[in-house]
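One file, start18.cif, carrying mmCIF, C-alpha atoms:
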data_input
#
loop_
_atom_site.label_atom_id
_atom_site.label_comp_id
_atom_site.auth_asym_id
_atom_site.auth_seq_id
_atom_site.Cartn_x
_atom_site.Cartn_y
_atom_site.Cartn_z
CA MET A 1406 105.52 90.51 94.14
CA GLN A 1407 102.27 89.67 95.89
CA LEU A 1408 101.95 90.96 99.43
CA ARG A 1409 101.83 88.58 102.38
CA PRO A 1410 99.95 90.65 104.96
CA ARG A 1411 99.80 89.56 108.58
CA TYR A 1412 96.15 89.52 109.55
CA GLY A 1413 94.68 89.12 112.99
CA THR A 1414 95.25 90.70 116.39
CA ASP A 1415 99.07 90.62 116.37
CA PRO A 1416 100.13 93.57 114.18
CA VAL A 1417 103.56 93.29 112.58
CA ILE A 1418 104.19 97.06 113.02
CA THR A 1419 103.98 99.06 116.24
CA LEU A 1420 104.85 102.72 116.72
CA ASP A 1421 105.49 104.55 119.97
CA GLY A 1422 104.13 108.01 120.72
CA ARG A 1423 100.60 109.42 120.86
CA PRO A 1424 98.61 107.77 118.04
CA SER A 1425 96.56 110.85 117.15
CA ASP A 1426 99.66 113.00 116.50
CA ILE A 1427 99.68 111.76 112.91
CA LEU A 1428 96.40 113.55 112.12
CA ALA A 1429 97.79 117.05 111.56
CA PRO A 1430 100.59 115.95 109.17
CA VAL A 1431 98.21 113.81 107.10
CA VAL A 1432 95.64 116.60 106.74
CA ARG A 1433 98.23 119.27 105.95
CA GLN A 1434 100.06 117.23 103.33
CA ARG A 1435 96.90 116.11 101.48
CA ARG A 1436 95.38 119.59 101.39
CA ARG A 1437 98.67 121.19 100.35
CA LEU A 1438 98.91 118.79 97.43
CA ALA A 1439 95.31 119.52 96.39
CA ARG A 1440 96.00 123.28 96.45
CA THR A 1441 99.12 122.86 94.34
CA LEU A 1442 97.33 120.68 91.80
CA ALA A 1443 94.62 123.32 91.41
CA SER A 1444 97.26 125.61 89.85
CA PHE A 1445 98.46 123.05 87.28
CA ASP A 1446 98.00 123.59 83.56
CA GLU A 1447 97.51 120.68 81.16
CA GLN A 1448 101.22 120.46 80.43
CA GLN A 1449 102.04 120.04 84.11
CA TRP A 1450 99.36 117.37 84.52
CA ALA A 1451 100.81 115.47 81.57
CA HIS A 1452 104.45 115.82 82.67
CA PRO A 1453 106.27 112.54 83.46
CA SER A 1454 106.57 111.87 87.18
CA ARG A 1455 109.41 109.99 88.88
CA CYS A 1456 107.22 106.86 88.75
CA ALA A 1457 108.22 104.94 85.62
CA GLY A 1458 105.54 105.16 82.96
CA TRP A 1459 103.25 107.43 85.00
CA SER A 1460 102.37 111.04 84.30
CA ASN A 1461 101.49 113.41 87.12
CA ARG A 1462 97.84 112.78 86.28
CA ASP A 1463 98.38 109.03 86.73
CA VAL A 1464 99.93 109.55 90.16
CA ILE A 1465 96.91 111.53 91.34
CA VAL A 1466 94.50 108.93 89.95
CA HIS A 1467 96.45 106.43 92.06
CA LEU A 1468 96.36 108.63 95.18
CA ASP A 1469 92.61 109.13 94.76
CA SER A 1470 92.15 105.36 94.81
CA THR A 1471 94.34 105.01 97.91
CA ASN A 1472 92.39 107.77 99.68
CA THR A 1473 89.21 105.82 99.05
CA PHE A 1474 90.76 102.58 100.29
CA TRP A 1475 92.13 104.15 103.49
CA THR A 1476 88.72 105.59 104.32
CA PHE A 1477 86.97 102.28 103.65
CA SER A 1478 89.58 100.36 105.64
CA ILE A 1479 89.24 102.67 108.65
CA GLU A 1480 85.45 102.43 108.60
CA ALA A 1481 85.57 98.61 108.35
CA GLY A 1482 88.05 98.43 111.22
CA LEU A 1483 85.85 100.62 113.40
CA ARG A 1484 82.94 98.23 112.74
CA GLY A 1485 85.10 95.38 114.00
CA GLU A 1486 85.31 93.93 110.47
CA PRO A 1487 88.85 94.73 109.22
CA THR A 1488 89.16 93.87 105.54
CA GLN A 1489 91.56 91.43 103.88
CA PHE A 1490 91.52 92.80 100.35
CA LEU A 1491 95.30 93.11 100.03
CA ALA A 1492 96.00 89.38 100.37
CA THR A 1493 96.00 89.19 96.55
CA PHE A 1494 97.45 92.67 95.94
CA ASP A 1495 100.61 93.12 93.86
CA PRO A 1496 102.08 96.57 94.69
CA VAL A 1497 103.71 96.78 91.26
CA ALA A 1498 101.02 95.39 88.95
CA SER A 1499 97.80 96.19 90.80
CA PRO A 1500 98.15 100.02 91.03
CA ALA A 1501 99.17 100.16 87.37
CA GLN A 1502 96.08 98.17 86.40
CA LEU A 1503 93.83 100.47 88.45
CA VAL A 1504 95.33 103.58 86.84
CA ALA A 1505 95.11 102.11 83.33
CA GLY A 1506 91.47 101.15 83.92
CA SER A 1507 90.41 104.54 85.30
CA ASP A 1508 87.28 106.05 83.73
CA ILE A 1509 88.27 109.63 84.60
CA SER A 1510 88.41 111.63 81.37
CA THR A 1511 89.59 115.15 82.29
CA THR A 1512 92.17 116.63 84.64
CA ALA A 1513 89.41 118.72 86.23
CA GLU A 1514 87.64 115.50 87.17
CA VAL A 1515 90.89 114.01 88.48
CA LEU A 1516 91.34 117.03 90.76
CA ASP A 1517 87.69 117.03 91.87
CA ARG A 1518 87.81 113.34 92.77
CA PHE A 1519 91.13 113.65 94.59
CA THR A 1520 89.89 116.66 96.56
CA ALA A 1521 86.66 114.85 97.49
CA SER A 1522 88.43 111.64 98.52
CA THR A 1523 90.92 113.68 100.52
CA GLU A 1524 88.15 115.38 102.48
CA ALA A 1525 86.41 112.04 103.06
CA LEU A 1526 89.64 110.63 104.50
CA VAL A 1527 90.16 113.74 106.63
CA SER A 1528 86.61 113.46 107.99
CA ALA A 1529 87.11 109.79 108.85
CA MET A 1530 90.33 110.57 110.73
CA GLU A 1531 89.03 113.69 112.48
CA ALA A 1532 86.14 111.65 113.89
CA LEU A 1533 88.48 109.17 115.63
CA ASP A 1534 88.77 109.02 119.41
CA ALA A 1535 91.64 107.40 121.32
CA ASP A 1536 90.20 103.92 120.88
CA GLY A 1537 89.67 104.56 117.18
CA TRP A 1538 93.30 105.45 116.56
CA ASN A 1539 94.30 102.13 118.14
CA THR A 1540 91.72 100.05 116.27
CA LEU A 1541 93.12 97.52 113.81
CA ALA A 1542 92.49 98.11 110.10
CA GLU A 1543 93.99 96.84 106.87
CA ALA A 1544 97.09 98.30 105.21
CA PRO A 1545 99.75 96.60 103.05
CA PRO A 1546 101.57 95.04 106.04
CA GLY A 1547 98.26 93.52 107.24
CA HIS A 1548 96.10 94.50 110.20
CA ILE A 1549 97.80 97.40 111.96
CA SER A 1550 96.51 100.26 114.09
CA VAL A 1551 94.64 103.06 112.35
CA SER A 1552 97.47 105.33 113.50
CA ALA A 1553 100.01 103.14 111.71
CA LEU A 1554 97.71 103.06 108.67
CA ALA A 1555 97.69 106.87 108.72
CA HIS A 1556 101.49 106.82 108.81
CA HIS A 1557 101.47 104.59 105.72
CA ALA A 1558 99.00 106.94 103.99
CA LEU A 1559 101.16 109.98 104.79
CA TRP A 1560 104.40 108.33 103.71
CA ASP A 1561 102.92 107.14 100.41
CA ALA A 1562 101.39 110.51 99.50
CA TRP A 1563 104.42 112.51 100.73
CA VAL A 1564 106.74 110.53 98.45
CA HIS A 1565 104.31 110.77 95.53
CA GLU A 1566 104.03 114.53 96.07
CA ARG A 1567 107.77 114.70 95.45
CA ASP A 1568 107.42 112.31 92.50
CA ILE A 1569 105.17 114.94 90.92
CA MET A 1570 106.80 118.18 91.99
CA LEU A 1571 110.54 117.57 91.68
CA PRO A 1572 110.51 116.83 87.91
CA LEU A 1573 108.67 120.15 87.48
CA GLY A 1574 111.40 121.99 89.36
CA ILE A 1575 109.15 122.54 92.39
CA THR A 1576 110.31 121.61 95.90
CA PRO A 1577 107.36 120.79 98.18
CA ASP A 1578 107.21 122.41 101.60
CA ILE A 1579 109.31 120.58 104.18
CA GLU A 1580 107.41 120.21 107.46
CA ALA A 1581 109.34 118.66 110.35
CA ASP A 1582 106.47 116.53 111.65
CA GLU A 1583 105.72 115.16 108.18
CA VAL A 1584 109.35 114.24 107.55
CA SER A 1585 109.78 112.60 110.96
CA ALA A 1586 106.59 110.56 110.61
CA CYS A 1587 107.51 109.47 107.08
CA LEU A 1588 111.02 108.51 108.15
CA ARG A 1589 109.81 106.48 111.13
CA TYR A 1590 107.37 104.62 108.92
CA ALA A 1591 109.73 104.10 105.98
CA ALA A 1592 112.32 102.70 108.41
CA VAL A 1593 109.89 100.21 109.96
CA LEU A 1594 108.09 99.18 106.75
CA GLY A 1595 111.07 97.43 105.14
CA PRO A 1596 111.73 95.22 108.18
CA ALA A 1597 107.99 94.54 108.49
CA PHE A 1598 107.84 93.29 104.92
CA ALA A 1599 110.96 91.21 105.54
CA ILE A 1600 109.15 89.63 108.50
CA THR A 1601 105.99 88.85 106.54
CA ASN A 1602 108.10 87.53 103.65
CA SER A 1603 110.09 85.31 106.07
CA THR A 1604 113.41 86.93 105.09
CA ALA A 1605 114.05 88.77 108.36
CA SER A 1606 116.44 87.99 111.18
CA VAL A 1607 116.52 89.38 114.70
CA GLY A 1608 118.21 92.75 115.07
CA ALA A 1609 117.82 96.48 115.37
CA LEU A 1610 118.05 99.51 113.11
CA ALA A 1611 119.05 102.85 114.65
CA VAL A 1612 118.31 106.15 112.91
CA SER A 1613 119.93 109.45 113.87
CA VAL A 1614 119.34 112.26 111.37
CA GLU A 1615 119.26 116.03 110.93
CA ASN A 1616 116.90 118.52 109.24
CA PRO A 1617 114.81 117.73 111.25
CA GLY A 1618 116.68 116.09 114.10
CA CYS A 1619 115.24 112.67 114.85
CA ASP A 1620 116.59 109.70 116.82
CA PHE A 1621 114.78 106.38 117.04
CA VAL A 1622 115.27 102.63 116.93
CA VAL A 1623 113.45 99.88 115.04
CA ASP A 1624 113.55 96.62 117.01
CA ILE A 1625 113.10 93.64 114.70
CA GLY A 1626 112.04 90.14 115.65
CA GLU A 1627 108.54 88.72 115.34
CA HIS A 1628 107.45 92.36 115.03
CA ALA A 1629 108.98 95.61 113.80
CA ALA A 1630 108.61 98.18 116.57
CA VAL A 1631 109.63 101.85 116.51
CA ARG A 1632 110.72 103.50 119.75
CA GLN A 1633 112.28 106.87 120.46
CA GLY A 1634 115.92 106.90 121.57
CA THR A 1635 119.23 105.36 120.60
CA ALA A 1636 120.75 101.90 120.72
CA ASP A 1637 123.82 99.89 119.84
CA ALA A 1638 122.25 98.50 116.67
CA ALA A 1639 123.45 96.26 113.86
CA LEU A 1640 122.94 99.17 111.46
CA THR A 1641 122.78 102.92 112.12
CA LEU A 1642 121.54 105.30 109.43
CA SER A 1643 122.38 108.99 109.60
CA GLY A 1644 122.48 112.14 107.49
CA ASP A 1645 119.73 114.36 106.10
CA ALA A 1646 116.24 113.20 107.07
CA VAL A 1647 114.56 114.02 103.74
CA GLN A 1648 117.24 112.25 101.74
CA LEU A 1649 117.00 109.21 103.98
CA VAL A 1650 113.23 109.00 103.44
CA GLU A 1651 113.92 109.20 99.72
CA ALA A 1652 116.52 106.43 99.94
CA LEU A 1653 114.37 104.12 102.06
CA SER A 1654 111.54 104.72 99.58
CA ILE A 1655 113.85 103.61 96.73
CA ARG A 1656 113.93 107.01 95.04
CA VAL A 1657 117.63 107.84 95.49
CA PRO A 1658 120.74 105.86 96.45
CA LEU A 1659 121.55 105.52 100.12
CA ALA A 1660 124.39 107.87 101.05
CA GLN A 1661 126.24 105.33 103.20
CA THR A 1662 127.53 101.82 102.87
CA VAL A 1663 125.51 99.00 104.43
CA PRO A 1664 127.49 95.95 105.58
CA PRO A 1665 126.43 92.76 103.77
CA GLU A 1666 125.24 91.16 107.00
CA SER A 1667 122.81 94.05 107.61
CA ARG A 1668 121.35 94.43 104.13
CA TRP A 1669 118.32 92.29 104.98
CA ILE A 1670 117.13 95.14 107.22
CA LEU A 1671 116.60 97.35 104.17
CA SER A 1672 115.64 94.68 101.64
CA GLY A 1673 111.97 94.13 102.52
CA LEU A 1674 110.49 97.10 100.66
CA ALA A 1675 112.74 96.53 97.65
CA GLU A 1676 111.65 92.89 97.46
CA VAL A 1677 107.98 93.85 97.48
CA PHE A 1678 108.49 96.43 94.73
CA GLU A 1679 110.96 94.22 92.85
CA SER A 1680 113.63 96.93 93.00
CA GLU A 1681 117.24 97.13 94.08
CA PRO A 1682 117.58 97.65 97.84
CA PRO A 1683 118.90 101.04 99.01
CA SER A 1684 122.44 99.92 99.77
CA SER A 1685 125.88 100.34 98.29
#

Can you dump the structure from the file as structure tokens?
Amino acid sequence: MQLRPRYGTDPVITLDGRPSDILAPVVRQRRRLARTLASFDEQQWAHPSRCAGWSNRDVIVHLDSTNTFWTFSIEAGLRGEPTQFLATFDPVASPAQLVAGSDISTTAEVLDRFTASTEALVSAMEALDADGWNTLAEAPPGHISVSALAHHALWDAWVHERDIMLPLGITPDIEADEVSACLRYAAVLGPAFAITNSTASVGALAVSVENPGCDFVVDIGEHAAVRQGTADAALTLSGDAVQLVEALSIRVPLAQTVPPESRWILSGLAEVFESEPPSS
């Protein structure tokens, strides 16, 4: 399904908290993945990932391309010229086409390019000041703050790290700040896509999880806004934080039943990826 980003000065996603706090989790996760990949043999590179039809090598080719896009998007936003490249982007077909068309011939080159694009992204983020983190730049939901873009970049790579490692019998390190940031973003992204796809209603999603403990609310209306705390919401999600990120990212079934009247809250991401929503 083609994206319908919201462009302009009214971002569909807002996140509370200090914008620059996302820097450390992004840097740690990307560099951890690069270190792990450096130990892979050819069999591990060729092993099927959790992404249908993609090997581990294919996933890293994809993440290298996203690293490059995030860096370019940040730089364009800082120039006051946020891009609009994703207006014709299909999140199912377009990444597959980019991976299939890659000119990278060896796994050593895949690793070298991913490491280089990782460090370029890290450099772009480390150079940001307070205004920079709040600058608008392009991500799949449209023009959002660079901090929100960094949340999207972390969430995407964190899930793909597990797509690679878990089929190999390797459990990636679980860092509390990474999990919390990914969960906050995964919880707001579905409603944001529902808003941009005109399938959203007005409501709220509450999340209260463990391992790590995290309590927040997503208020949904013309925007999807994350705020710390609790609320009497139409839908409350609970349980293990890692498993909930996995469920919201359409990797595992959701461990609780979602009432029919609240399923729209979780349907946005599934609609974009043409998958079944995480509900029972």

Query raised in the report: Leaving out region 1600-1615 of chain A and any residue of its chain fewer than 2 positions from it, which residues lie within 9 Å of it when counting all atoms listed in the file, given as a ChimeraX atom specification?
Result: /A:1408-1411,1417,1546,1589,1592-1593,1595-1598,1617-1629,1634-1647,1649,1667,1669-1670,1672-1673,1676-1677

Include C-alpha atoms and write out the residues we just selected as a short mmCIF file (atom, residue, chain, number, x, y, z; two decimals), in the frame of the given file.
data_model
loop_
_atom_site.label_atom_id
_atom_site.label_comp_id
_atom_site.auth_asym_id
_atom_site.auth_seq_id
_atom_site.Cartn_x
_atom_site.Cartn_y
_atom_site.Cartn_z
CA LEU A 1408 101.95 90.96 99.43
CA ARG A 1409 101.83 88.58 102.38
CA PRO A 1410 99.95 90.65 104.96
CA ARG A 1411 99.80 89.56 108.58
CA VAL A 1417 103.56 93.29 112.58
CA PRO A 1546 101.57 95.04 106.04
CA ARG A 1589 109.81 106.48 111.13
CA ALA A 1592 112.32 102.70 108.41
CA VAL A 1593 109.89 100.21 109.96
CA GLY A 1595 111.07 97.43 105.14
CA PRO A 1596 111.73 95.22 108.18
CA ALA A 1597 107.99 94.54 108.49
CA PHE A 1598 107.84 93.29 104.92
CA PRO A 1617 114.81 117.73 111.25
CA GLY A 1618 116.68 116.09 114.10
CA CYS A 1619 115.24 112.67 114.85
CA ASP A 1620 116.59 109.70 116.82
CA PHE A 1621 114.78 106.38 117.04
CA VAL A 1622 115.27 102.63 116.93
CA VAL A 1623 113.45 99.88 115.04
CA ASP A 1624 113.55 96.62 117.01
CA ILE A 1625 113.10 93.64 114.70
CA GLY A 1626 112.04 90.14 115.65
CA GLU A 1627 108.54 88.72 115.34
CA HIS A 1628 107.45 92.36 115.03
CA ALA A 1629 108.98 95.61 113.80
CA GLY A 1634 115.92 106.90 121.57
CA THR A 1635 119.23 105.36 120.60
CA ALA A 1636 120.75 101.90 120.72
CA ASP A 1637 123.82 99.89 119.84
CA ALA A 1638 122.25 98.50 116.67
CA ALA A 1639 123.45 96.26 113.86
CA LEU A 1640 122.94 99.17 111.46
CA THR A 1641 122.78 102.92 112.12
CA LEU A 1642 121.54 105.30 109.43
CA SER A 1643 122.38 108.99 109.60
CA GLY A 1644 122.48 112.14 107.49
CA ASP A 1645 119.73 114.36 106.10
CA ALA A 1646 116.24 113.20 107.07
CA VAL A 1647 114.56 114.02 103.74
CA LEU A 1649 117.00 109.21 103.98
CA SER A 1667 122.81 94.05 107.61
CA TRP A 1669 118.32 92.29 104.98
CA ILE A 1670 117.13 95.14 107.22
CA SER A 1672 115.64 94.68 101.64
CA GLY A 1673 111.97 94.13 102.52
CA GLU A 1676 111.65 92.89 97.46
CA VAL A 1677 107.98 93.85 97.48
#

Report task. Point out the residue among A:Arg1435, A:Arg1518, A:His1556, A:Arg1455 with the least atom-to-atom distance to Ile1655 (chain A), counting all atoms listed in the file. Result ->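 Answer, going by the shortest atom-to-atom distance: A:Arg1455.
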
Requested in this report: Excluding Glu1447 (chain A) and any residue of its chain fewer than 3 positions from it, enumerate the residues within 8 Å of it, using all atoms listed in the file, and give them as a VMD selection string.
Outcome: chain A and resid 1450 to 1451 1512

**Report entry** Non-local contacts of Ile1479 (chain A) (8 Å; all atoms listed in the file; under 5 positions in same chain excluded) as a PyMOL selection string
**Finding:** chain A and resi 1487+1529+1542-1543+1551

Report task. Taking (84.6, 101.2, 118.2) in the file's own coordinates, collect the residues within 10 Å, counting all atoms listed in the file, and hand them back as a ChimeraX atom specification. Result -> /A:1480,1482-1485,1533-1540

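The two atoms in question, CA of Gln1489 (chain A) and CA of Ala1544 (chain A), are spaced 8.9 Å apart.
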
Report task. Tell me which residues the PyMOL selection byres ((chain A and resi 1441) around 12) grabs here, as a PyMOL selection string. Result -> chain A and resi 1434-1440+1442-1446+1449-1450+1465+1516+1520+1566-1567+1569-1570+1575-1578

Query - Distance criterion (all atoms listed in the file): nearest to Asp1415 (chain A) out of A:Met1530, A:Ala1525, A:Ile1549, A:Ala1660 - result: A:Ile1549

Region 1471-1479 of chain A: axis-aligned bounding box, 8 Å on each side, centre and edge lengths in Å, one decimal, as AutoDock Vina command-line options:
--center_x 90.7 --center_y 104.1 --center_z 103.3 --size_x 23.4 --size_y 23.4 --size_z 26.7

Report task. For each of A:Glu1666, A:Glu1514, A:Glu1524, A:Asp1426, take the minimum atom-to-atom distance to Glu1583 (chain A), counting only C-alpha atoms, then give the residue where this is smallest. Result ->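 The closest residue to Glu1583 (chain A) is A:Asp1426.
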
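Here CA of Gly1413 (chain A) and CA of Ala1555 (chain A) stand 18.5 Å from one another.
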
Query raised in the report: Between A:Ser1654, A:Gln1448, A:Tyr1412, A:Leu1526, which is the closest to Ala1675 (chain A) once you count only C-alpha atoms?
Result: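 Using only C-alpha atoms, the shortest distance to Ala1675 (chain A) belongs to A:Ser1654.
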
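The interatomic distance for the pair CA of Trp1563 (chain A) and CA of Thr1414 (chain A) works out to 28.4 Å.
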
Query raised in the report: Closest to Val1527 (chain A) among A:His1467, A:Arg1433, A:His1557, A:His1452, using all atoms listed in the file?
Result: A:Arg1433

Report summary line: With distances taken over all atoms listed in the file, the candidate from A:Leu1671, A:Val1564, A:Cys1587, A:Ala1521 nearest Ala1599 (chain A) is A:Leu1671

Can I get region 1637-1662 of chain A with N, CA and C atoms filled in, as a PDB file, keeping the file's coordinate frame?
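Generated file (part36.pdb):
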ATOM      1  N   ASP A1637     122.688 100.500 120.517  1.00  0.00           N
ATOM      2  CA  ASP A1637     123.820  99.890 119.840  1.00  0.00           C
ATOM      3  C   ASP A1637     123.261  98.870 118.867  1.00  0.00           C
ATOM      4  N   ALA A1638     122.978  99.315 117.637  1.00  0.00           N
ATOM      5  CA  ALA A1638     122.250  98.500 116.670  1.00  0.00           C
ATOM      6  C   ALA A1638     123.183  97.904 115.623  1.00  0.00           C
ATOM      7  N   ALA A1639     122.678  96.887 114.939  1.00  0.00           N
ATOM      8  CA  ALA A1639     123.450  96.260 113.860  1.00  0.00           C
ATOM      9  C   ALA A1639     123.721  97.251 112.736  1.00  0.00           C
ATOM     10  N   LEU A1640     122.802  98.187 112.522  1.00  0.00           N
ATOM     11  CA  LEU A1640     122.940  99.170 111.460  1.00  0.00           C
ATOM     12  C   LEU A1640     122.427 100.507 111.970  1.00  0.00           C
ATOM     13  N   THR A1641     123.204 101.573 111.772  1.00  0.00           N
ATOM     14  CA  THR A1641     122.780 102.920 112.120  1.00  0.00           C
ATOM     15  C   THR A1641     122.788 103.771 110.855  1.00  0.00           C
ATOM     16  N   LEU A1642     121.668 104.415 110.582  1.00  0.00           N
ATOM     17  CA  LEU A1642     121.540 105.300 109.430  1.00  0.00           C
ATOM     18  C   LEU A1642     121.558 106.744 109.919  1.00  0.00           C
ATOM     19  N   SER A1643     122.257 107.593 109.200  1.00  0.00           N
ATOM     20  CA  SER A1643     122.380 108.990 109.600  1.00  0.00           C
ATOM     21  C   SER A1643     122.342 109.871 108.365  1.00  0.00           C
ATOM     22  N   GLY A1644     122.467 111.192 108.590  1.00  0.00           N
ATOM     23  CA  GLY A1644     122.480 112.140 107.490  1.00  0.00           C
ATOM     24  C   GLY A1644     121.254 113.021 107.474  1.00  0.00           C
ATOM     25  N   ASP A1645     120.868 113.464 106.286  1.00  0.00           N
ATOM     26  CA  ASP A1645     119.730 114.360 106.100  1.00  0.00           C
ATOM     27  C   ASP A1645     118.443 113.549 106.105  1.00  0.00           C
ATOM     28  N   ALA A1646     117.461 113.974 106.895  1.00  0.00           N
ATOM     29  CA  ALA A1646     116.240 113.200 107.070  1.00  0.00           C
ATOM     30  C   ALA A1646     115.464 113.028 105.762  1.00  0.00           C
ATOM     31  N   VAL A1647     115.315 114.102 104.995  1.00  0.00           N
ATOM     32  CA  VAL A1647     114.560 114.020 103.740  1.00  0.00           C
ATOM     33  C   VAL A1647     115.224 113.045 102.779  1.00  0.00           C
ATOM     34  N   GLN A1648     116.539 113.144 102.657  1.00  0.00           N
ATOM     35  CA  GLN A1648     117.240 112.250 101.740  1.00  0.00           C
ATOM     36  C   GLN A1648     117.170 110.801 102.193  1.00  0.00           C
ATOM     37  N   LEU A1649     117.109 110.586 103.504  1.00  0.00           N
ATOM     38  CA  LEU A1649     117.000 109.210 103.980  1.00  0.00           C
ATOM     39  C   LEU A1649     115.608 108.647 103.698  1.00  0.00           C
ATOM     40  N   VAL A1650     114.559 109.463 103.844  1.00  0.00           N
ATOM     41  CA  VAL A1650     113.230 109.000 103.440  1.00  0.00           C
ATOM     42  C   VAL A1650     113.242 108.628 101.966  1.00  0.00           C
ATOM     43  N   GLU A1651     113.841 109.472 101.154  1.00  0.00           N
ATOM     44  CA  GLU A1651     113.920 109.200  99.720  1.00  0.00           C
ATOM     45  C   GLU A1651     114.654 107.882  99.443  1.00  0.00           C
ATOM     46  N   ALA A1652     115.747 107.654 100.155  1.00  0.00           N
ATOM     47  CA  ALA A1652     116.520 106.430  99.940  1.00  0.00           C
ATOM     48  C   ALA A1652     115.747 105.193 100.386  1.00  0.00           C
ATOM     49  N   LEU A1653     115.142 105.262 101.566  1.00  0.00           N
ATOM     50  CA  LEU A1653     114.370 104.120 102.060  1.00  0.00           C
ATOM     51  C   LEU A1653     113.156 103.843 101.196  1.00  0.00           C
ATOM     52  N   SER A1654     112.688 104.864 100.479  1.00  0.00           N
ATOM     53  CA  SER A1654     111.540 104.720  99.580  1.00  0.00           C
ATOM     54  C   SER A1654     111.990 104.366  98.163  1.00  0.00           C
ATOM     55  N   ILE A1655     113.261 104.067  98.001  1.00  0.00           N
ATOM     56  CA  ILE A1655     113.850 103.610  96.730  1.00  0.00           C
ATOM     57  C   ILE A1655     113.708 104.656  95.636  1.00  0.00           C
ATOM     58  N   ARG A1656     113.945 105.922  96.018  1.00  0.00           N
ATOM     59  CA  ARG A1656     113.930 107.010  95.040  1.00  0.00           C
ATOM     60  C   ARG A1656     115.334 107.501  94.725  1.00  0.00           C
ATOM     61  N   VAL A1657     116.246 107.429  95.692  1.00  0.00           N
ATOM     62  CA  VAL A1657     117.630 107.840  95.490  1.00  0.00           C
ATOM     63  C   VAL A1657     118.535 106.819  96.162  1.00  0.00           C
ATOM     64  N   PRO A1658     119.824 106.782  95.772  1.00  0.00           N
ATOM     65  CA  PRO A1658     120.740 105.860  96.450  1.00  0.00           C
ATOM     66  C   PRO A1658     120.963 106.247  97.897  1.00  0.00           C
ATOM     67  N   LEU A1659     121.201 105.257  98.728  1.00  0.00           N
ATOM     68  CA  LEU A1659     121.550 105.520 100.120  1.00  0.00           C
ATOM     69  C   LEU A1659     122.948 106.112 100.176  1.00  0.00           C
ATOM     70  N   ALA A1660     123.134 107.125 101.016  1.00  0.00           N
ATOM     71  CA  ALA A1660     124.390 107.870 101.050  1.00  0.00           C
ATOM     72  C   ALA A1660     125.455 107.213 101.915  1.00  0.00           C
ATOM     73  N   GLN A1661     125.226 106.007 102.404  1.00  0.00           N
ATOM     74  CA  GLN A1661     126.240 105.330 103.200  1.00  0.00           C
ATOM     75  C   GLN A1661     126.255 103.845 102.859  1.00  0.00           C
ATOM     76  N   THR A1662     127.364 103.230 103.162  1.00  0.00           N
ATOM     77  CA  THR A1662     127.530 101.820 102.870  1.00  0.00           C
ATOM     78  C   THR A1662     126.872 100.962 103.946  1.00  0.00           C
TER      79      THR A1662
END
